[in-house]
Structures are given as structure tokens and as C-alpha cells.
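Visitor: Coordinates in final-v2.pdb, PDB, C-alpha atoms, pLDDT in the B column, are listed below.
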ATOM      1  CA  MET P 777     157.938 392.864  22.885  1.00 96.00           C
ATOM      2  CA  LYS P 778     160.902 393.996  24.978  1.00 97.00           C
ATOM      3  CA  ILE P 779     162.206 391.478  27.522  1.00 98.00           C
ATOM      4  CA  ALA P 780     164.630 391.759  30.457  1.00 98.00           C
ATOM      5  CA  LEU P 781     166.566 388.649  31.449  1.00 98.00           C
ATOM      6  CA  ILE P 782     167.407 388.413  35.150  1.00 97.00           C
ATOM      7  CA  GLY P 783     169.982 385.646  35.153  1.00 95.00           C
ATOM      8  CA  TYR P 784     172.083 384.927  32.079  1.00 95.00           C
ATOM      9  CA  GLY P 785     173.300 381.398  32.611  1.00 91.00           C
ATOM     10  CA  LYS P 786     172.421 378.395  30.458  1.00 89.00           C
ATOM     11  CA  MET P 787     168.676 378.962  30.854  1.00 91.00           C
ATOM     12  CA  GLY P 788     168.976 382.697  30.256  1.00 95.00           C
ATOM     13  CA  LYS P 789     170.874 382.113  27.025  1.00 95.00           C
ATOM     14  CA  ALA P 790     168.343 379.487  25.905  1.00 94.00           C
ATOM     15  CA  ILE P 791     165.497 381.924  26.604  1.00 96.00           C
ATOM     16  CA  GLU P 792     167.290 384.658  24.683  1.00 97.00           C
ATOM     17  CA  LYS P 793     167.604 382.383  21.645  1.00 96.00           C
ATOM     18  CA  ILE P 794     163.893 381.517  21.639  1.00 96.00           C
ATOM     19  CA  ALA P 795     162.833 385.120  22.310  1.00 97.00           C
ATOM     20  CA  LEU P 796     164.871 386.408  19.358  1.00 98.00           C
ATOM     21  CA  GLN P 797     163.477 383.663  17.115  1.00 97.00           C
ATOM     22  CA  ARG P 798     159.977 384.822  18.061  1.00 97.00           C
ATOM     23  CA  GLY P 799     160.772 388.419  17.092  1.00 97.00           C
ATOM     24  CA  HIS P 800     161.300 389.890  20.561  1.00 98.00           C
ATOM     25  CA  GLU P 801     164.050 392.248  21.747  1.00 98.00           C
ATOM     26  CA  ILE P 802     166.262 391.650  24.779  1.00 98.00           C
ATOM     27  CA  VAL P 803     166.737 395.088  26.361  1.00 97.00           C
ATOM     28  CA  LEU P 804     168.494 394.025  29.577  1.00 97.00           C
ATOM     29  CA  LYS P 805     170.635 391.067  30.637  1.00 97.00           C
ATOM     30  CA  ILE P 806     171.570 390.870  34.327  1.00 96.00           C
ATOM     31  CA  ASP P 807     174.221 388.506  35.633  1.00 93.00           C
ATOM     32  CA  LEU P 808     176.752 388.469  38.471  1.00 89.00           C
ATOM     33  CA  ASP P 809     179.207 390.699  36.611  1.00 91.00           C
ATOM     34  CA  ASN P 810     176.732 393.545  35.970  1.00 94.00           C
ATOM     35  CA  ALA P 811     174.407 393.462  38.989  1.00 91.00           C
ATOM     36  CA  ALA P 812     174.748 397.243  39.276  1.00 94.00           C
ATOM     37  CA  ASP P 813     172.701 397.561  36.063  1.00 95.00           C
ATOM     38  CA  PHE P 814     169.668 396.014  37.813  1.00 95.00           C
ATOM     39  CA  THR P 815     167.972 399.394  38.298  1.00 96.00           C
ATOM     40  CA  ALA P 816     164.425 400.704  37.957  1.00 95.00           C
ATOM     41  CA  ASN P 817     165.320 402.817  34.931  1.00 96.00           C
ATOM     42  CA  ASN P 818     166.875 399.883  33.079  1.00 96.00           C
ATOM     43  CA  LEU P 819     164.167 397.406  34.026  1.00 95.00           C
ATOM     44  CA  LYS P 820     161.322 399.714  33.014  1.00 93.00           C
ATOM     45  CA  LYS P 821     162.554 399.600  29.422  1.00 95.00           C
ATOM     46  CA  ALA P 822     161.090 396.079  29.289  1.00 96.00           C
ATOM     47  CA  ASP P 823     157.499 394.934  28.777  1.00 96.00           C
ATOM     48  CA  ALA P 824     158.255 391.900  30.964  1.00 97.00           C
ATOM     49  CA  ALA P 825     161.137 390.346  32.893  1.00 97.00           C
ATOM     50  CA  ILE P 826     162.104 386.673  33.042  1.00 98.00           C
ATOM     51  CA  GLU P 827     163.982 385.589  36.178  1.00 96.00           C
ATOM     52  CA  PHE P 828     166.089 382.408  36.242  1.00 93.00           C
ATOM     53  CA  THR P 829     168.785 382.506  38.903  1.00 93.00           C
ATOM     54  CA  GLY P 830     169.255 380.426  42.059  1.00 87.00           C
ATOM     55  CA  PRO P 831     167.592 379.804  45.427  1.00 87.00           C
ATOM     56  CA  HIS P 832     169.673 382.416  47.257  1.00 89.00           C
ATOM     57  CA  SER P 833     169.023 385.340  44.906  1.00 93.00           C
ATOM     58  CA  ALA P 834     165.561 384.612  43.479  1.00 94.00           C
ATOM     59  CA  PHE P 835     163.423 386.172  46.219  1.00 95.00           C
ATOM     60  CA  SER P 836     165.401 389.428  46.202  1.00 95.00           C
ATOM     61  CA  ASN P 837     165.176 389.590  42.403  1.00 95.00           C
ATOM     62  CA  VAL P 838     161.431 388.893  42.447  1.00 96.00           C
ATOM     63  CA  MET P 839     160.746 391.610  44.999  1.00 96.00           C
ATOM     64  CA  LYS P 840     162.847 394.130  43.085  1.00 95.00           C
ATOM     65  CA  CYS P 841     160.982 393.457  39.821  1.00 95.00           C
ATOM     66  CA  LEU P 842     157.624 393.752  41.587  1.00 95.00           C
ATOM     67  CA  GLU P 843     158.769 396.959  43.285  1.00 94.00           C
ATOM     68  CA  PHE P 844     159.706 398.428  39.910  1.00 93.00           C
ATOM     69  CA  GLY P 845     156.300 397.499  38.467  1.00 93.00           C
ATOM     70  CA  VAL P 846     157.460 395.234  35.627  1.00 95.00           C
ATOM     71  CA  PRO P 847     155.452 392.062  34.802  1.00 97.00           C
ATOM     72  CA  LEU P 848     157.564 389.166  36.003  1.00 97.00           C
ATOM     73  CA  VAL P 849     157.988 385.550  34.958  1.00 97.00           C
ATOM     74  CA  CYS P 850     159.973 383.536  37.525  1.00 96.00           C
ATOM     75  CA  GLY P 851     161.321 380.011  37.103  1.00 92.00           C
ATOM     76  CA  SER P 852     163.809 379.858  39.970  1.00 91.00           C
ATOM     77  CA  THR P 853     163.184 377.117  42.517  1.00 83.00           C
ATOM     78  CA  GLY P 854     164.266 376.557  46.100  1.00 83.00           C
ATOM     79  CA  TRP P 855     162.773 379.752  47.579  1.00 91.00           C
ATOM     80  CA  LEU P 856     159.086 378.823  47.909  1.00 88.00           C
ATOM     81  CA  ASP P 857     159.036 379.377  51.670  1.00 92.00           C
ATOM     82  CA  LYS P 858     158.804 383.084  50.780  1.00 94.00           C
ATOM     83  CA  MET P 859     156.253 382.740  47.976  1.00 95.00           C
ATOM     84  CA  ASP P 860     153.321 383.988  50.063  1.00 96.00           C
ATOM     85  CA  GLU P 861     155.247 387.153  50.841  1.00 96.00           C
ATOM     86  CA  ALA P 862     155.966 387.758  47.154  1.00 96.00           C
ATOM     87  CA  ILE P 863     152.330 387.149  46.174  1.00 96.00           C
ATOM     88  CA  GLY P 864     151.113 389.503  48.911  1.00 96.00           C
ATOM     89  CA  TYR P 865     153.529 392.206  47.762  1.00 95.00           C
ATOM     90  CA  CYS P 866     152.403 391.766  44.152  1.00 96.00           C
ATOM     91  CA  LYS P 867     148.732 392.108  45.093  1.00 95.00           C
ATOM     92  CA  LYS P 868     149.411 395.125  47.302  1.00 92.00           C
ATOM     93  CA  HIS P 869     151.099 396.936  44.419  1.00 91.00           C
ATOM     94  CA  ASN P 870     148.666 395.710  41.740  1.00 94.00           C
ATOM     95  CA  GLY P 871     151.520 393.989  39.973  1.00 95.00           C
ATOM     96  CA  CYS P 872     151.810 391.063  37.592  1.00 97.00           C
ATOM     97  CA  PHE P 873     153.572 387.836  38.541  1.00 97.00           C
ATOM     98  CA  LEU P 874     153.769 384.338  37.089  1.00 97.00           C
ATOM     99  CA  TYR P 875     155.636 381.547  38.832  1.00 95.00           C
ATOM    100  CA  THR P 876     155.949 377.918  37.895  1.00 90.00           C
ATOM    101  CA  SER P 877     158.426 375.230  38.827  1.00 81.00           C
ATOM    102  CA  ASN P 878     158.542 374.142  35.193  1.00 83.00           C
ATOM    103  CA  PHE P 879     157.679 376.016  31.987  1.00 89.00           C
ATOM    104  CA  SER P 880     157.656 373.004  29.688  1.00 88.00           C
ATOM    105  CA  VAL P 881     154.355 372.523  27.875  1.00 88.00           C
ATOM    106  CA  GLY P 882     154.784 368.767  28.271  1.00 91.00           C
ATOM    107  CA  VAL P 883     155.462 368.992  32.011  1.00 91.00           C
ATOM    108  CA  ASN P 884     152.376 371.119  32.592  1.00 91.00           C
ATOM    109  CA  ILE P 885     150.262 368.517  30.792  1.00 93.00           C
ATOM    110  CA  PHE P 886     152.086 365.915  32.940  1.00 96.00           C
ATOM    111  CA  PHE P 887     150.962 367.865  36.029  1.00 94.00           C
ATOM    112  CA  GLU P 888     147.327 367.492  34.967  1.00 95.00           C
ATOM    113  CA  ILE P 889     147.781 363.741  34.395  1.00 97.00           C
ATOM    114  CA  ASN P 890     149.449 363.428  37.810  1.00 98.00           C
ATOM    115  CA  LYS P 891     146.547 365.138  39.556  1.00 97.00           C
ATOM    116  CA  ARG P 892     143.928 362.995  37.828  1.00 98.00           C
ATOM    117  CA  LEU P 893     145.840 359.772  38.504  1.00 98.00           C
ATOM    118  CA  ALA P 894     146.146 360.654  42.190  1.00 98.00           C
ATOM    119  CA  GLU P 895     142.394 361.216  42.396  1.00 98.00           C
ATOM    120  CA  LEU P 896     141.773 357.802  40.858  1.00 98.00           C
ATOM    121  CA  MET P 897     144.303 356.074  43.141  1.00 98.00           C
ATOM    122  CA  ASN P 898     143.188 357.653  46.415  1.00 98.00           C
ATOM    123  CA  PRO P 899     140.853 354.739  47.402  1.00 98.00           C
ATOM    124  CA  HIS P 900     143.545 352.125  46.686  1.00 98.00           C
ATOM    125  CA  ALA P 901     145.759 352.050  49.772  1.00 96.00           C
ATOM    126  CA  GLU P 902     147.431 348.824  48.630  1.00 97.00           C
ATOM    127  CA  TYR P 903     149.585 350.906  46.269  1.00 97.00           C
ATOM    128  CA  ALA P 904     152.805 352.446  47.560  1.00 97.00           C
ATOM    129  CA  ILE P 905     153.655 355.772  45.909  1.00 97.00           C
ATOM    130  CA  GLN P 906     157.120 356.985  44.945  1.00 96.00           C
ATOM    131  CA  LEU P 907     158.533 359.915  42.985  1.00 97.00           C
ATOM    132  CA  GLU P 908     161.933 360.009  41.308  1.00 97.00           C
ATOM    133  CA  GLU P 909     163.726 362.922  39.662  1.00 96.00           C
ATOM    134  CA  THR P 910     167.015 362.954  37.777  1.00 94.00           C
ATOM    135  CA  HIS P 911     168.921 366.102  36.775  1.00 88.00           C
ATOM    136  CA  HIS P 912     172.421 367.233  35.838  1.00 83.00           C
ATOM    137  CA  THR P 913     174.965 367.655  38.624  1.00 80.00           C
ATOM    138  CA  GLN P 914     174.946 371.471  38.371  1.00 77.00           C
ATOM    139  CA  LYS P 915     171.346 371.681  39.581  1.00 76.00           C
ATOM    140  CA  LYS P 916     171.487 373.540  42.888  1.00 69.00           C
ATOM    141  CA  ASP P 917     168.354 372.300  44.667  1.00 75.00           C
ATOM    142  CA  ALA P 918     167.072 368.843  45.555  1.00 83.00           C
ATOM    143  CA  PRO P 919     164.401 367.754  45.198  1.00 92.00           C
ATOM    144  CA  SER P 920     163.643 369.720  42.057  1.00 88.00           C
ATOM    145  CA  GLY P 921     160.877 372.288  42.074  1.00 85.00           C
ATOM    146  CA  THR P 922     158.980 370.141  39.599  1.00 88.00           C
ATOM    147  CA  ALA P 923     159.198 367.123  41.918  1.00 94.00           C
ATOM    148  CA  VAL P 924     157.921 369.240  44.803  1.00 92.00           C
ATOM    149  CA  SER P 925     154.996 370.393  42.650  1.00 91.00           C
ATOM    150  CA  LEU P 926     154.181 366.788  41.738  1.00 96.00           C
ATOM    151  CA  ALA P 927     154.429 365.746  45.385  1.00 97.00           C
ATOM    152  CA  ASN P 928     152.170 368.552  46.591  1.00 97.00           C
ATOM    153  CA  GLN P 929     149.585 367.662  43.944  1.00 97.00           C
ATOM    154  CA  ILE P 930     149.575 364.090  45.259  1.00 98.00           C
ATOM    155  CA  LEU P 931     149.383 365.178  48.915  1.00 98.00           C
ATOM    156  CA  GLU P 932     146.289 367.229  48.098  1.00 98.00           C
ATOM    157  CA  ARG P 933     144.563 364.144  46.643  1.00 98.00           C
ATOM    158  CA  ILE P 934     145.869 361.073  48.509  1.00 98.00           C
ATOM    159  CA  ASP P 935     144.334 361.189  51.980  1.00 98.00           C
ATOM    160  CA  ARG P 936     146.794 358.804  53.623  1.00 97.00           C
ATOM    161  CA  LYS P 937     149.858 360.888  52.698  1.00 97.00           C
ATOM    162  CA  LYS P 938     150.682 363.818  54.994  1.00 97.00           C
ATOM    163  CA  LYS P 939     154.082 365.100  53.844  1.00 97.00           C
ATOM    164  CA  TRP P 940     156.883 364.420  51.379  1.00 97.00           C
ATOM    165  CA  VAL P 941     160.461 363.465  52.298  1.00 97.00           C
ATOM    166  CA  ASN P 942     163.565 363.512  50.106  1.00 95.00           C
ATOM    167  CA  ARG P 943     164.578 359.883  50.807  1.00 95.00           C
ATOM    168  CA  GLU P 944     163.220 356.360  50.885  1.00 94.00           C
ATOM    169  CA  THR P 945     160.667 355.827  53.632  1.00 94.00           C
ATOM    170  CA  ASN P 946     158.554 353.049  55.131  1.00 93.00           C
ATOM    171  CA  ASN P 947     156.269 355.492  56.935  1.00 96.00           C
ATOM    172  CA  PRO P 948     152.832 355.127  55.273  1.00 95.00           C
ATOM    173  CA  GLU P 949     152.098 358.818  55.876  1.00 97.00           C
ATOM    174  CA  GLU P 950     155.232 359.980  54.049  1.00 97.00           C
ATOM    175  CA  LEU P 951     155.639 360.384  50.287  1.00 97.00           C
ATOM    176  CA  SER P 952     159.134 359.508  49.078  1.00 96.00           C
ATOM    177  CA  ILE P 953     161.015 361.648  46.545  1.00 97.00           C
ATOM    178  CA  LEU P 954     164.302 360.174  45.306  1.00 96.00           C
ATOM    179  CA  SER P 955     166.724 362.680  43.769  1.00 94.00           C
ATOM    180  CA  ARG P 956     169.543 361.657  41.440  1.00 92.00           C
ATOM    181  CA  ARG P 957     172.233 363.913  39.906  1.00 92.00           C
ATOM    182  CA  ILE P 958     173.790 362.480  36.739  1.00 88.00           C
ATOM    183  CA  ASP P 959     175.398 364.212  33.723  1.00 88.00           C
ATOM    184  CA  PRO P 960     174.100 364.907  31.172  1.00 82.00           C
ATOM    185  CA  ALA P 961     170.429 364.973  32.219  1.00 78.00           C
ATOM    186  CA  PRO P 962     168.139 367.942  31.469  1.00 74.00           C
ATOM    187  CA  GLY P 963     165.430 366.377  33.632  1.00 86.00           C
ATOM    188  CA  THR P 964     163.364 363.223  34.158  1.00 93.00           C
ATOM    189  CA  HIS P 965     160.440 362.936  36.574  1.00 96.00           C
ATOM    190  CA  SER P 966     158.464 359.794  37.332  1.00 97.00           C
ATOM    191  CA  VAL P 967     155.564 358.920  39.597  1.00 98.00           C
ATOM    192  CA  SER P 968     154.997 355.256  40.461  1.00 98.00           C
ATOM    193  CA  TYR P 969     152.125 353.443  42.140  1.00 98.00           C
ATOM    194  CA  ILE P 970     153.407 350.040  43.208  1.00 97.00           C
ATOM    195  CA  SER P 971     151.456 347.037  44.504  1.00 97.00           C
ATOM    196  CA  GLU P 972     152.125 343.304  44.726  1.00 97.00           C
ATOM    197  CA  ILE P 973     149.948 342.851  41.634  1.00 97.00           C
ATOM    198  CA  ASP P 974     151.165 345.604  39.313  1.00 98.00           C
ATOM    199  CA  THR P 975     152.886 348.969  38.911  1.00 98.00           C
ATOM    200  CA  ILE P 976     151.608 352.126  37.258  1.00 98.00           C
ATOM    201  CA  ASP P 977     154.273 354.597  36.061  1.00 98.00           C
ATOM    202  CA  ILE P 978     153.933 358.023  34.503  1.00 98.00           C
ATOM    203  CA  ILE P 979     157.186 359.569  33.238  1.00 97.00           C
ATOM    204  CA  HIS P 980     158.266 362.841  31.673  1.00 96.00           C
ATOM    205  CA  THR P 981     161.757 363.159  30.180  1.00 94.00           C
ATOM    206  CA  ALA P 982     163.145 366.447  28.872  1.00 88.00           C
ATOM    207  CA  HIS P 983     165.567 366.156  25.957  1.00 87.00           C
ATOM    208  CA  SER P 984     166.885 369.742  26.106  1.00 81.00           C
ATOM    209  CA  ARG P 985     166.332 373.130  27.755  1.00 80.00           C
ATOM    210  CA  GLU P 986     164.461 374.390  24.683  1.00 86.00           C
ATOM    211  CA  GLY P 987     161.062 373.297  26.018  1.00 86.00           C
ATOM    212  CA  PHE P 988     161.576 375.216  29.256  1.00 88.00           C
ATOM    213  CA  ALA P 989     162.837 378.294  27.394  1.00 93.00           C
ATOM    214  CA  THR P 990     159.914 378.289  24.961  1.00 94.00           C
ATOM    215  CA  GLY P 991     157.421 378.070  27.816  1.00 94.00           C
ATOM    216  CA  ALA P 992     159.093 380.980  29.631  1.00 96.00           C
ATOM    217  CA  VAL P 993     158.820 383.177  26.544  1.00 97.00           C
ATOM    218  CA  LEU P 994     155.172 382.155  26.043  1.00 96.00           C
ATOM    219  CA  ALA P 995     154.557 383.165  29.657  1.00 96.00           C
ATOM    220  CA  ALA P 996     156.164 386.584  29.123  1.00 97.00           C
ATOM    221  CA  GLU P 997     154.006 387.119  26.043  1.00 97.00           C
ATOM    222  CA  PHE P 998     150.926 386.210  28.075  1.00 96.00           C
ATOM    223  CA  LEU P 999     151.733 388.709  30.850  1.00 95.00           C
ATOM    224  CA  LYS P1000     152.091 391.778  28.648  1.00 89.00           C
ATOM    225  CA  ASP P1001     149.665 394.524  29.781  1.00 88.00           C
ATOM    226  CA  LYS P1002     148.148 392.302  32.518  1.00 94.00           C
ATOM    227  CA  THR P1003     147.943 392.511  36.302  1.00 95.00           C
ATOM    228  CA  GLY P1004     147.421 389.621  38.718  1.00 96.00           C
ATOM    229  CA  ILE P1005     148.895 386.279  39.771  1.00 97.00           C
ATOM    230  CA  PHE P1006     149.177 383.574  37.119  1.00 96.00           C
ATOM    231  CA  GLY P1007     150.562 380.119  36.379  1.00 93.00           C
ATOM    232  CA  MET P1008     151.154 378.049  33.270  1.00 92.00           C
ATOM    233  CA  LYS P1009     147.570 376.730  33.419  1.00 90.00           C
ATOM    234  CA  GLU P1010     146.385 380.164  32.290  1.00 94.00           C
ATOM    235  CA  VAL P1011     149.099 380.494  29.648  1.00 94.00           C
ATOM    236  CA  LEU P1012     148.306 377.096  28.144  1.00 91.00           C
ATOM    237  CA  GLY P1013     144.551 377.138  28.740  1.00 89.00           C
ATOM    238  CA  LEU P1014     144.639 373.911  30.754  1.00 82.00           C
TER     239      LEU P1014
END
Take the structure in the file and give it back as C-alpha cells.

Guide:
Amino acid sequence: MKIALIGYGKMGKAIEKIALQRGHEIVLKIDLDNAADFTANNLKKADAAIEFTGPHSAFSNVMKCLEFGVPLVCGSTGWLDKMDEAIGYCKKHNGCFLYTSNFSVGVNIFFEINKRLAELMNPHAEYAIQLEETHHTQKKDAPSGTAVSLANQILERIDRKKKWVNRETNNPEELSILSRRIDPAPGTHSVSYISEIDTIDIIHTAHSREGFATGAVLAAEFLKDKTGIFGMKEVLGL
């Protein structure tokens, strides 16, 4: 299939490598130095677009791809306050849109484990809950989108927790996310349930960007010739 890359940084280049290995063609690469090429005519040469930029440009890029009617895979984080608007626009125009905070197959299985563990731990208020995430120093947002997803999954299942905060907290209604920026670190996420008796930890550690890139290409393949709103659960059949 023909793929457009919106964002050609480290992730964009990793996605390009995987896409070419899987027999696809990159028909458009948009970065800061050629933003003028981000046009309807150029984008419509693609069967799908994959967007990986930053929090300040992602929403504009998403809306432009949806406006031009090209199936879109988005992995940018830090703009989720506008997600409802993007989803509404996609539905209004009968478009095709897939967003996830993390494309890794392993992370999406980790999400399912996190949700089930939270369900099991909900009755056990003696356990404090804490999330930690570690990434490289070039990561622009904190906490990571993946950590926010994990936190929201827990908030939906642990009755005593009402919101997450990006710091240590002693408030029993708050869920703590600790963010660390250390080089080199593609990404580690952990969820801990801590009591005086024992501790339960679940941890996912990425060893490279290849897992994220592979998942993004799988998502683009899944979207071809579809309309609707999707996530990695549909791509992976979870």
C-alpha cells in the first residue's frame, strides 16, 4: 500500500524502515522543512497516513488529514484535550481514524493486564497504587501518553481513585504518576500496588522504537478501505 508520513523524525524514519520491509511505498514525507507539500493533492496519493509529530502540531495535522479524506493513524501524544473534536469531525465526514498512545503489541497486551489487575485490586483499599514512566530526555510531554492511558484505565476500575497527578501524593483519591527522563531510554512503564504485606508490580520495558514502528504500520494496513474510529484493540484482535 501507499503510505504518507506526517512527521519524519526518529519515529518517522523507523516507520519508514518497517513499511519498506513489509513491501509498502512511502509516497509523501512531511517535516518542518517541507510543510508546504502537506496538500490535499499530495496526501490523496496515499492509502493511509501515519502522523507522529508533537503536542503543538498534532491536532492541526489530524484535522487536515481528516479534511482531505485519507485514513489516518496518529501516535502523537499531549493533545488529547481536543480528541473529542477530532472524533466528531471524523464521524461527520465519514472518515477513518485510529489513535493510540502506544502502538507496541506488547504495550497493548500490557494495557489488558493493567485493566484486569485493577479490577481484581479494587476491593483491596490497603494497597497504595503508583505508576512510573521513564523515557529519553527528548520526549516532549510528561507524563507519557502511555502512562496517562494506564492511569485512566485504573481510574475507571478503582473506585477510591478520582484523578491522576504527575507527582507523589498522599491524597487517597489521587493516583500518582512519576515521570523520569534519562538517556538512553526508549520507554519503561510500571504499575505498583503496595501494602505493608507485599507489593505487586507489572512492568513493560521497550528495547527500541521498532516495536512502536511495527505497530503503526500494522495499524495503517488495518485501516485501508475502512471508515470509522479504531484503536489497537481492533488491529490486534484483543

Visitor: In Å, with one decimal, what is the gap from CA of Gln929 (chain P) to CA of Glu944 (chain P)?

Guide: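 Between CA of Gln929 (chain P) and CA of Glu944 (chain P) the gap works out to 19.0 Å.
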
Visitor: Using only C-alpha atoms, tabulate the residues of region 916-954 of chain P lying at most 12 Å from any atom of region 811-831 of chain P, each with its closest atom pair and that distance in Å to one decimal, by chain and increasing residue number, as a tab-separated table.

Guide:
residue	atom	partner	partner_atom	distance
P:Lys916	CA	P:Gly830	CA	7.3
P:Asp917	CA	P:Pro831	CA	7.6
P:Ala918	CA	P:Pro831	CA	11.0
P:Ser920	CA	P:Pro831	CA	11.3
P:Gly921	CA	P:Pro831	CA	10.6

Visitor: Which residues, written as a PyMOL selection string, have at least one atom at most 8 Å from Tyr969 (chain P), with only C-alpha atoms counted and residues fewer than 5 positions away on the same chain left out?

Guide: chain P and resi 903-906+975-977

Visitor: Starting from the PyMOL selection byres ((chain P and resi 934-937) around 6), expand the selection into actual residues of this file and give them as JSON, numbers by chain.

Guide: {"P": [898, 930, 931, 933, 938, 949, 950]}

Visitor: Using only C-alpha atoms, pick whichever of P:Leu1012, P:Glu908, P:Asn946, P:Lys1000 has the shortest atom-to-atom distance to Thr981 (chain P).

Guide: P:Glu908

Visitor: Rank P:Ala901, P:Asn890, P:Asp959, P:Ser833 by their smallest atom-to-atom distance to Glu932 (chain P), using all atoms listed in the file, and report the top residue only.

Guide: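 Of P:Ala901, P:Asn890, P:Asp959, P:Ser833, the one nearest Glu932 (chain P) is P:Asn890, counting all atoms listed in the file.
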
Visitor: Kindly give the distance, in Å, that separates CA of Thr876 (chain P) and CA of Asn947 (chain P), rounded to a single decimal.

Guide: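 Distance between the two atoms: 29.4 Å.
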
Visitor: Let me make sure I understand: among P:Arg985, P:Lys778, P:Lys840, P:Lys915, which one has the smallest atom-to-atom distance to Glu801 (chain P) if we use all atoms listed in the file?

Guide: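 Under the stated criterion, the closest residue is P:Lys778.
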
Visitor: For the atom pair CA of His869 (chain P) and CA of Met787 (chain P), what is the interatomic distance in Å to one decimal place?

Guide: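 Atom-to-atom, CA of His869 (chain P) and CA of Met787 (chain P) are spaced 28.6 Å apart.
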
Visitor: With the file shown as input, list the residues that the PyMOL selection byres ((chain P and resi 788) around 9) selects, as JSON, numbers by chain.

Guide: {"P": [781, 782, 783, 784, 785, 786, 787, 789, 790, 791, 792, 793, 805, 826, 827, 828, 829, 989]}

Visitor: Go through P:Gly1004, P:Gly963, P:Pro899, P:Pro948 and flag the residue nearest Pro919 (chain P), using all atoms listed in the file for the distances.

Guide: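 Counting all atoms listed in the file, the residue closest to Pro919 (chain P) is P:Gly963.
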
Visitor: For Ile953 (chain P), which residue among P:Leu907, P:Val849, P:Val1011, P:Ile885 is the nearest when counting all atoms listed in the file?

Guide: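 Among the listed residues, the smallest separation from Ile953 (chain P) belongs to P:Leu907.
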
Visitor: Which residue out of P:Glu895, P:Asp809, P:Glu972, P:Asp860 has the minimum interatomic distance to Ile1005 (chain P) when all atoms listed in the file are used?

Guide: P:Asp860

Visitor: Under the PyMOL selection byres ((chain P and resi 957) around 6), which residues of this model are included? Write them out as a list in words.

Guide: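 Checked against the file, the PyMOL selection byres ((chain P and resi 957) around 6) matches Thr910, His911, His912, Thr913, Arg956 and Ile958 of chain P.
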
Visitor: Write a file of the just-selected residues containing C-alpha atoms, as a short mmCIF file (atom, residue, chain, number, x, y, z; two decimals), keeping the file's coordinate frame.

Guide:
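Output file again.cif follows:
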data_model
loop_
_atom_site.label_atom_id
_atom_site.label_comp_id
_atom_site.auth_asym_id
_atom_site.auth_seq_id
_atom_site.Cartn_x
_atom_site.Cartn_y
_atom_site.Cartn_z
CA THR P 910 167.02 362.95 37.78
CA HIS P 911 168.92 366.10 36.78
CA HIS P 912 172.42 367.23 35.84
CA THR P 913 174.96 367.66 38.62
CA ARG P 956 169.54 361.66 41.44
CA ILE P 958 173.79 362.48 36.74
#

Visitor: Please enclose the listed atoms of region 877-888 of chain P in an axis-aligned box, pad each side by 8 Å, and write out the centre and the three edge lengths in Å, rounded to one decimal, as JSON.

Guide:
{"center_x": 152.9, "center_y": 371.0, "center_z": 33.4, "size_x": 27.2, "size_y": 26.1, "size_z": 27.0}

Visitor: Rebuild region 817-828 of chain P so that it carries N, CA and C atoms, then output the result as a PDB file, keeping the file's coordinate frame.

Guide:
ATOM      1  N   ASN P 817     165.306 402.197  36.264  1.00 96.00           N
ATOM      2  CA  ASN P 817     165.320 402.817  34.931  1.00 96.00           C
ATOM      3  C   ASN P 817     165.605 401.795  33.838  1.00 96.00           C
ATOM      4  N   ASN P 818     166.552 400.896  34.087  1.00 96.00           N
ATOM      5  CA  ASN P 818     166.875 399.883  33.079  1.00 96.00           C
ATOM      6  C   ASN P 818     165.757 398.861  32.936  1.00 96.00           C
ATOM      7  N   LEU P 819     165.186 398.448  34.069  1.00 95.00           N
ATOM      8  CA  LEU P 819     164.167 397.406  34.026  1.00 95.00           C
ATOM      9  C   LEU P 819     162.891 397.901  33.356  1.00 95.00           C
ATOM     10  N   LYS P 820     162.567 399.177  33.558  1.00 93.00           N
ATOM     11  CA  LYS P 820     161.322 399.714  33.014  1.00 93.00           C
ATOM     12  C   LYS P 820     161.351 399.894  31.496  1.00 93.00           C
ATOM     13  N   LYS P 821     162.484 399.612  30.890  1.00 95.00           N
ATOM     14  CA  LYS P 821     162.554 399.600  29.422  1.00 95.00           C
ATOM     15  C   LYS P 821     161.884 398.346  28.856  1.00 95.00           C
ATOM     16  N   ALA P 822     161.629 397.374  29.725  1.00 96.00           N
ATOM     17  CA  ALA P 822     161.090 396.079  29.289  1.00 96.00           C
ATOM     18  C   ALA P 822     159.582 396.006  29.492  1.00 96.00           C
ATOM     19  N   ASP P 823     158.922 395.247  28.619  1.00 96.00           N
ATOM     20  CA  ASP P 823     157.499 394.934  28.777  1.00 96.00           C
ATOM     21  C   ASP P 823     157.291 393.827  29.807  1.00 96.00           C
ATOM     22  N   ALA P 824     158.318 392.993  29.996  1.00 97.00           N
ATOM     23  CA  ALA P 824     158.255 391.900  30.964  1.00 97.00           C
ATOM     24  C   ALA P 824     159.675 391.463  31.292  1.00 97.00           C
ATOM     25  N   ALA P 825     159.846 390.898  32.484  1.00 97.00           N
ATOM     26  CA  ALA P 825     161.137 390.346  32.893  1.00 97.00           C
ATOM     27  C   ALA P 825     160.992 388.844  33.106  1.00 97.00           C
ATOM     28  N   ILE P 826     162.052 388.116  32.800  1.00 98.00           N
ATOM     29  CA  ILE P 826     162.104 386.673  33.042  1.00 98.00           C
ATOM     30  C   ILE P 826     163.273 386.409  33.976  1.00 98.00           C
ATOM     31  N   GLU P 827     162.982 385.810  35.138  1.00 96.00           N
ATOM     32  CA  GLU P 827     163.982 385.589  36.178  1.00 96.00           C
ATOM     33  C   GLU P 827     164.313 384.113  36.299  1.00 96.00           C
ATOM     34  N   PHE P 828     165.571 383.764  36.044  1.00 93.00           N
ATOM     35  CA  PHE P 828     166.089 382.408  36.242  1.00 93.00           C
ATOM     36  C   PHE P 828     167.454 382.531  36.892  1.00 93.00           C
TER      37      PHE P 828
END
